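J.: Here you go, this is data_22.tsv (TSV, C-alpha atoms).
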chain	number	residue	atom	x	y	z
A	1	MET	CA	-15.12	-6.39	-36.32
A	2	LYS	CA	-14.52	-9.84	-34.83
A	3	LEU	CA	-10.98	-8.82	-33.92
A	4	PHE	CA	-12.30	-5.70	-32.20
A	5	ARG	CA	-14.86	-7.72	-30.23
A	6	GLY	CA	-12.16	-10.16	-29.18
A	7	PHE	CA	-9.92	-7.32	-28.07
A	8	LEU	CA	-12.78	-5.71	-26.14
A	9	ILE	CA	-13.57	-8.97	-24.34
A	10	VAL	CA	-9.92	-9.33	-23.29
A	11	VAL	CA	-9.77	-5.73	-22.02
A	12	LEU	CA	-13.01	-6.09	-20.07
A	13	GLY	CA	-11.79	-9.38	-18.63
A	14	ILE	CA	-8.55	-7.81	-17.41
A	15	ALA	CA	-10.47	-4.88	-15.91
A	16	ALA	CA	-12.81	-7.26	-14.10
A	17	LEU	CA	-9.91	-9.23	-12.67
A	18	SER	CA	-8.25	-6.00	-11.49
A	19	LEU	CA	-11.46	-4.91	-9.79
A	20	ILE	CA	-11.78	-8.26	-8.02
A	21	ALA	CA	-8.17	-8.06	-6.85
A	22	CYS	CA	-8.78	-4.64	-5.28
A	23	GLN	CA	-11.90	-5.72	-3.43
A	24	SER	CA	-11.94	-6.72	0.21
A	25	ILE	CA	-11.92	-10.45	0.76
A	26	PRO	CA	-14.68	-12.06	2.84
A	27	ASN	CA	-13.69	-12.83	6.41
A	28	THR	CA	-14.96	-16.10	7.83
A	29	GLU	CA	-12.54	-16.48	10.73
A	30	GLN	CA	-13.93	-16.04	14.24
A	31	THR	CA	-12.35	-13.82	16.85
A	32	GLU	CA	-11.58	-15.43	20.19
A	33	CYS	CA	-11.04	-13.16	23.20
A	34	GLU	CA	-9.72	-14.29	26.56
A	35	PRO	CA	-8.52	-12.64	29.77
A	36	VAL	CA	-4.82	-11.87	29.93
A	37	LYS	CA	-2.34	-9.87	31.96
A	38	SER	CA	-0.23	-7.39	30.06
A	39	PRO	CA	2.93	-9.04	28.67
A	40	PHE	CA	4.51	-5.63	28.03
A	41	PRO	CA	6.73	-3.48	30.28
A	42	THR	CA	5.08	-0.69	32.25
A	43	PRO	CA	5.30	2.52	30.21
A	44	GLY	CA	7.44	5.36	31.42
A	45	GLY	CA	11.10	6.27	31.69
A	46	GLU	CA	13.78	6.58	29.06
A	47	ALA	CA	13.64	2.90	28.13
A	48	ASP	CA	10.04	3.29	27.02
A	49	ALA	CA	10.49	6.56	25.16
A	50	PHE	CA	11.36	4.70	21.97
A	51	GLN	CA	9.11	1.66	22.37
A	52	PHE	CA	5.82	3.41	23.20
A	53	ASN	CA	4.65	0.48	25.30
A	54	PRO	CA	0.88	0.24	25.92
A	55	ASN	CA	-0.33	2.66	28.57
A	56	ILE	CA	-3.76	1.10	29.15
A	57	ASP	CA	-4.80	-1.52	31.68
A	58	ILE	CA	-4.72	-4.56	29.38
A	59	GLY	CA	-7.24	-7.18	30.40
A	60	ARG	CA	-7.90	-9.31	27.33
A	61	VAL	CA	-6.36	-10.44	24.08
A	62	CYS	CA	-8.41	-11.10	20.94
A	63	SER	CA	-6.99	-13.56	18.41
A	64	PHE	CA	-7.87	-14.71	14.91
A	65	ARG	CA	-6.31	-16.26	11.81
A	66	GLY	CA	-6.49	-15.09	8.22
A	67	GLN	CA	-5.12	-15.42	4.74
A	68	VAL	CA	-4.72	-12.99	1.87
A	69	SER	CA	-3.51	-13.02	-1.73
A	70	MET	CA	-1.62	-10.40	-3.71
A	71	GLY	CA	-3.63	-7.21	-4.25
A	72	GLU	CA	-6.43	-8.12	-1.83
A	73	ILE	CA	-7.56	-6.02	1.12
A	74	TYR	CA	-8.09	-8.04	4.30
A	75	GLN	CA	-10.57	-6.70	6.89
A	76	HIS	CA	-11.50	-8.20	10.24
A	77	PRO	CA	-13.74	-6.51	12.86
A	78	ILE	CA	-12.23	-6.82	16.34
A	79	THR	CA	-14.83	-4.86	18.30
A	80	GLU	CA	-17.67	-2.55	17.28
A	81	GLU	CA	-15.16	0.32	17.21
A	82	LEU	CA	-12.00	-1.34	15.87
A	83	VAL	CA	-11.16	-3.08	12.59
A	84	PHE	CA	-7.90	-4.82	11.65
A	85	CYS	CA	-6.84	-4.50	8.01
A	86	LEU	CA	-4.07	-5.51	5.66
A	87	VAL	CA	-3.98	-2.98	2.85
A	88	PRO	CA	-1.98	-3.62	-0.36
A	89	TYR	CA	1.39	-1.91	-0.09
A	90	THR	CA	3.81	-0.94	-2.84
A	91	SER	CA	7.56	-0.78	-2.24
A	92	TRP	CA	9.41	-2.01	-5.36
A	93	HIS	CA	6.49	-3.52	-7.26
A	94	GLU	CA	2.79	-2.68	-7.29
A	95	ASN	CA	0.96	-4.50	-4.48
A	96	ASP	CA	4.07	-6.46	-3.47
A	97	GLY	CA	3.01	-6.63	0.18
A	98	TRP	CA	0.70	-5.12	2.81
A	99	GLU	CA	0.48	-2.39	5.41
A	100	ILE	CA	-0.93	-3.25	8.84
A	101	VAL	CA	-3.84	-0.95	9.68
A	102	ILE	CA	-6.14	-0.48	12.67
A	103	THR	CA	-9.17	1.68	11.92
A	104	ASP	CA	-12.76	2.13	13.07
A	105	THR	CA	-14.81	1.24	9.99
A	106	LEU	CA	-15.15	-1.36	7.25
A	107	GLU	CA	-15.71	1.43	4.77
A	108	ASN	CA	-13.19	3.66	2.88
A	109	PRO	CA	-11.67	0.85	2.81
A	110	CYS	CA	-9.27	1.08	5.76
A	111	SER	CA	-7.87	4.41	4.56
A	112	ASP	CA	-7.60	5.91	8.07
A	113	SER	CA	-5.00	4.12	10.16
A	114	PHE	CA	-4.43	4.62	13.90
A	115	VAL	CA	-1.02	2.89	13.75
A	116	PRO	CA	1.94	4.67	12.05
A	117	LEU	CA	2.64	7.63	14.36
A	118	VAL	CA	2.58	5.47	17.50
A	119	THR	CA	4.68	2.62	16.08
A	120	PRO	CA	8.38	3.53	16.06
A	121	PRO	CA	10.72	3.98	14.36
A	122	PHE	CA	9.15	7.05	12.80
A	123	HIS	CA	11.61	7.14	9.90
A	124	GLY	CA	12.90	4.32	7.73
A	125	MET	CA	11.78	0.70	7.74
A	126	ASN	CA	8.86	-0.17	9.99
A	127	ALA	CA	7.31	-3.49	11.02
A	128	ILE	CA	3.86	-2.38	9.84
A	129	ASP	CA	4.98	-2.69	6.21
A	130	ILE	CA	5.26	-6.31	5.04
A	131	ALA	CA	7.10	-6.81	1.73
A	132	GLY	CA	8.43	-9.89	-0.03
A	133	TRP	CA	12.03	-8.72	-0.22
A	134	HIS	CA	12.18	-8.58	3.59
A	135	PHE	CA	12.41	-12.38	3.57
A	136	ARG	CA	15.15	-12.75	0.93
A	137	ASN	CA	18.88	-12.14	0.99
A	138	GLU	CA	20.47	-9.14	-0.67
A	139	GLY	CA	20.86	-10.90	-4.03
A	140	ASN	CA	17.37	-12.49	-3.91
A	141	THR	CA	18.93	-15.95	-4.29
A	142	ALA	CA	17.89	-17.50	-0.95
A	143	LYS	CA	16.19	-16.78	2.36
A	144	ASN	CA	17.22	-13.69	4.29
A	145	ASP	CA	20.56	-14.53	5.89
A	146	GLY	CA	20.86	-11.22	7.69
A	147	SER	CA	22.16	-9.35	4.66
A	148	VAL	CA	18.81	-7.50	4.50
A	149	ASN	CA	17.99	-5.62	7.69
A	150	ALA	CA	14.22	-6.02	7.80
A	151	PRO	CA	11.53	-7.21	10.23
A	152	GLN	CA	10.69	-10.87	9.79
A	153	LYS	CA	7.62	-13.02	10.46
A	154	GLU	CA	6.56	-11.49	13.79
A	155	ARG	CA	5.38	-7.89	13.51
A	156	GLU	CA	4.48	-5.85	16.60
A	157	PHE	CA	2.62	-2.57	16.20
A	158	ASN	CA	0.93	0.03	18.40
A	159	PHE	CA	-2.39	1.78	17.88
A	160	VAL	CA	-4.71	4.34	19.44
A	161	PHE	CA	-8.45	3.80	19.68
A	162	ASN	CA	-10.09	6.55	17.64
A	163	GLN	CA	-9.63	9.07	14.86
A	164	GLU	CA	-9.78	12.12	17.15
A	165	ASP	CA	-6.81	10.96	19.23
A	166	TYR	CA	-4.81	10.02	16.16
A	167	GLU	CA	-5.45	13.42	14.57
A	168	ALA	CA	-4.20	15.13	17.75
A	169	ILE	CA	-0.97	13.15	17.47
A	170	SER	CA	-0.74	13.90	13.75
A	171	ASN	CA	-1.08	17.64	14.38
A	172	ALA	CA	1.66	17.45	17.01
A	173	TYR	CA	3.89	15.52	14.60
A	174	ASN	CA	3.40	18.19	11.94
A	175	SER	CA	4.46	20.86	14.44
A	176	SER	CA	7.55	18.85	15.53
A	177	CYS	CA	6.05	18.05	18.94
A	178	TRP	CA	5.78	14.31	18.32
A	179	PRO	CA	7.38	12.23	19.66
A	180	PRO	CA	7.15	14.30	22.88
A	181	SER	CA	10.27	16.34	23.53
A	182	ALA	CA	11.60	19.16	25.69
A	183	GLU	CA	11.23	21.57	22.76
A	184	CYS	CA	7.42	21.52	23.03
A	185	ALA	CA	5.84	24.34	25.00
A	186	PRO	CA	4.91	23.50	28.62
A	187	GLY	CA	1.28	24.23	27.82
A	188	ASP	CA	1.06	21.55	25.14
A	189	PRO	CA	-1.19	18.62	26.10
A	190	ASP	CA	0.62	15.47	27.17
A	191	LEU	CA	-0.22	13.40	24.11
A	192	SER	CA	1.86	10.51	25.42
A	193	GLN	CA	-1.08	9.83	27.76
A	194	ILE	CA	-3.51	9.17	24.91
A	195	PRO	CA	-4.65	5.54	25.38
A	196	ARG	CA	-2.71	3.14	23.16
A	197	SER	CA	-2.22	-0.59	22.96
A	198	ARG	CA	-0.44	-3.20	20.87
A	199	GLY	CA	-1.07	-5.92	18.34
A	200	VAL	CA	1.07	-8.72	16.93
A	201	VAL	CA	0.91	-10.24	13.45
A	202	THR	CA	2.69	-13.58	13.09
A	203	ILE	CA	3.13	-14.84	9.53
A	204	THR	CA	2.61	-18.61	9.49
A	205	ASN	CA	2.90	-19.31	5.76
A	206	LEU	CA	4.35	-17.24	2.96
A	207	THR	CA	4.37	-17.71	-0.82
A	208	LEU	CA	6.88	-15.46	-2.55
A	209	GLY	CA	7.15	-14.59	-6.23
A	210	ASN	CA	9.69	-12.97	-8.56
A	211	LEU	CA	12.55	-15.03	-7.12
A	212	ILE	CA	14.95	-13.77	-9.77
A	213	PRO	CA	18.54	-12.96	-8.77
A	214	ASN	CA	19.21	-9.26	-8.19
A	215	GLU	CA	15.52	-8.38	-8.38
A	216	LYS	CA	13.01	-7.86	-5.56
A	217	ALA	CA	10.65	-10.59	-4.37
A	218	TRP	CA	6.96	-9.98	-3.85
A	219	ILE	CA	4.34	-11.80	-1.78
A	220	GLU	CA	1.80	-13.84	-3.72
A	221	ALA	CA	-0.08	-15.20	-0.69
A	222	MET	CA	0.20	-15.07	3.08
A	223	GLU	CA	-1.35	-16.83	6.07
A	224	PHE	CA	-1.12	-15.23	9.47
A	225	GLU	CA	-2.26	-15.05	13.08
A	226	VAL	CA	-3.21	-11.81	14.83
A	227	LYS	CA	-3.36	-10.88	18.51
A	228	ILE	CA	-4.87	-7.58	19.61
A	229	TYR	CA	-4.46	-6.49	23.25
A	230	LEU	CA	-7.44	-4.60	24.66
A	231	PRO	CA	-8.60	-3.14	27.98
A	232	VAL	CA	-10.98	-4.97	30.28
A	233	GLU	CA	-14.56	-4.84	28.97
What does this structure look like when you write it as structure tokens?

T.:
Amino acid sequence: MKLFRGFLIVVLGIAALSLIACQSIPNTEQTECEPVKSPFPTPGGEADAFQFNPNIDIGRVCSFRGQVSMGEIYQHPITEELVFCLVPYTSWHENDGWEIVITDTLENPCSDSFVPLVTPPFHGMNAIDIAGWHFRNEGNTAKNDGSVNAPQKEREFNFVFNQEDYEAISNAYNSSCWPPSAECAPGDPDLSQIPRSRGVVTITNLTLGNLIPNEKAWIEAMEFEVKIYLPVE
């Protein structure tokens, strides 16, 4: 009986720790917004077709700092309608990194993202996914020396401003009309005109784990800075 009780206590303890790890972490960092002119090229033309540069009149940038540990969800309200999130991401190991998310609510948590279909490339590796092995060489014996083709500590991403617009883009993507192309019928709405902007995550400190040769590293903790470019209020 004592052995059973001991086993039960251990199981409940592990379950409690797992629950804590999956919960959103409290955010105590303040957001600072200041006027700014757009640092991005004017959208339009063939050069922009792949980059999807912001097509709004950028008038301010909102900045904040944060930190997150393995398995945690990070949430930070930017405005009343926009929330920045880092959601645990699994590539080689469970919760070995995070996905960058912009959404409109602190609930769900952060399950609806307004980012992926407006942040190229639309196939393969993307800057919105942050994984530990991105920062190691091919053999996982030292820092990335270029042998692993992956985004590094600065991650740019695009986003739209609401669920309705993102769903319109998603429907077009499912019908092979996104990204916009000549194959789409002339009557299709010009979804490239849906308002979109850009954010930048800069990783300032990184603690990696599983640094075993020929395996894949994961991220144990990360500190970062975020800039979100918004229209004039």

J.: For segment 121-182 of chain A against segment 61-79 of chain A, with a cut-off of 12 Å and counting all atoms listed in the file, what is the closest atom pair and its distance in Å to one decimal for every residue that makes the cut, ordered by chain and number, as a tab-separated table?

T.:
residue	atom	partner	partner_atom	distance
A:Ile130	CA	A:Met70	CA	11.9
A:Ala131	CA	A:Met70	CA	10.9
A:Gly132	CA	A:Met70	CA	10.7
A:Phe161	CA	A:Thr79	CA	10.8

J.: Find the residues near Ser113 of chain A: any atom within 7 Å, counting all atoms listed in the file, skip ones fewer than 3 places away on the same chain, and give them as a CSV table (one decimal) with C-alpha atoms, in the frame of the given file.

T.:
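Below is the file around-v8.csv, written as the result:
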chain,number,residue,atom,x,y,z
A,101,VAL,CA,-3.8,-1.0,9.7
A,102,ILE,CA,-6.1,-0.5,12.7
A,103,THR,CA,-9.2,1.7,11.9
A,110,CYS,CA,-9.3,1.1,5.8

J.: At what distance in Å, to one decimal, does atom CA of Arg196 of chain A lie from atom CA of Ala172 of chain A?

T.: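 Atom CA of Arg196 of chain A lies 16.2 Å from atom CA of Ala172 of chain A.
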
J.: Scan for residues within 6 Å of the point (4.6, 13.2, 15.1) in the coordinates of the file, using all atoms listed in the file, and reply as an MDAnalysis selection string.

T.: chainID A and resid 117 170 172:173 178:179

J.: Write out as a PyMOL selection string the residues lying within 8 Å of Asn205 of chain A, counting all atoms listed in the file and excluding same-chain residues fewer than 4 positions away.

T.: chain A and resi 222-224

J.: For a test of reading the model, state the distance in Å between atom CA of Asp104 of chain A and atom CA of Phe84 of chain A, rounded to one decimal.

T.: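 Atom-to-atom, atom CA of Asp104 of chain A and atom CA of Phe84 of chain A are spaced 8.6 Å apart.
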
J.: From the list A:Val148, A:Cys85, A:Ile203, A:Leu230, which residue is nearest Ile100 of chain A when using only C-alpha atoms?

T.: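 Of all the options, A:Cys85 lies closest to Ile100 of chain A.
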
J.: Between atom CA of Phe40 of chain A and atom CA of Phe157 of chain A, what distance in Å does the model show, to one decimal?

T.: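 Taking atom CA of Phe40 of chain A and atom CA of Phe157 of chain A, their separation equals 12.4 Å.
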
J.: Write out as a PyMOL selection string which residues come within 10 Å of Asn137 of chain A when counting all atoms listed in the file, dropping same-chain ones fewer than 2 positions away.

T.: chain A and resi 133-135+139-149+213-214+216-217

J.: Give me the residues near Gly199 of chain A as a VMD selection string, where near means some atom within 9 Å (using only C-alpha atoms) and where sequence neighbours in that chain fewer than 2 positions away do not count.

T.: chain A and resid 155 to 159 197 201 226 to 229
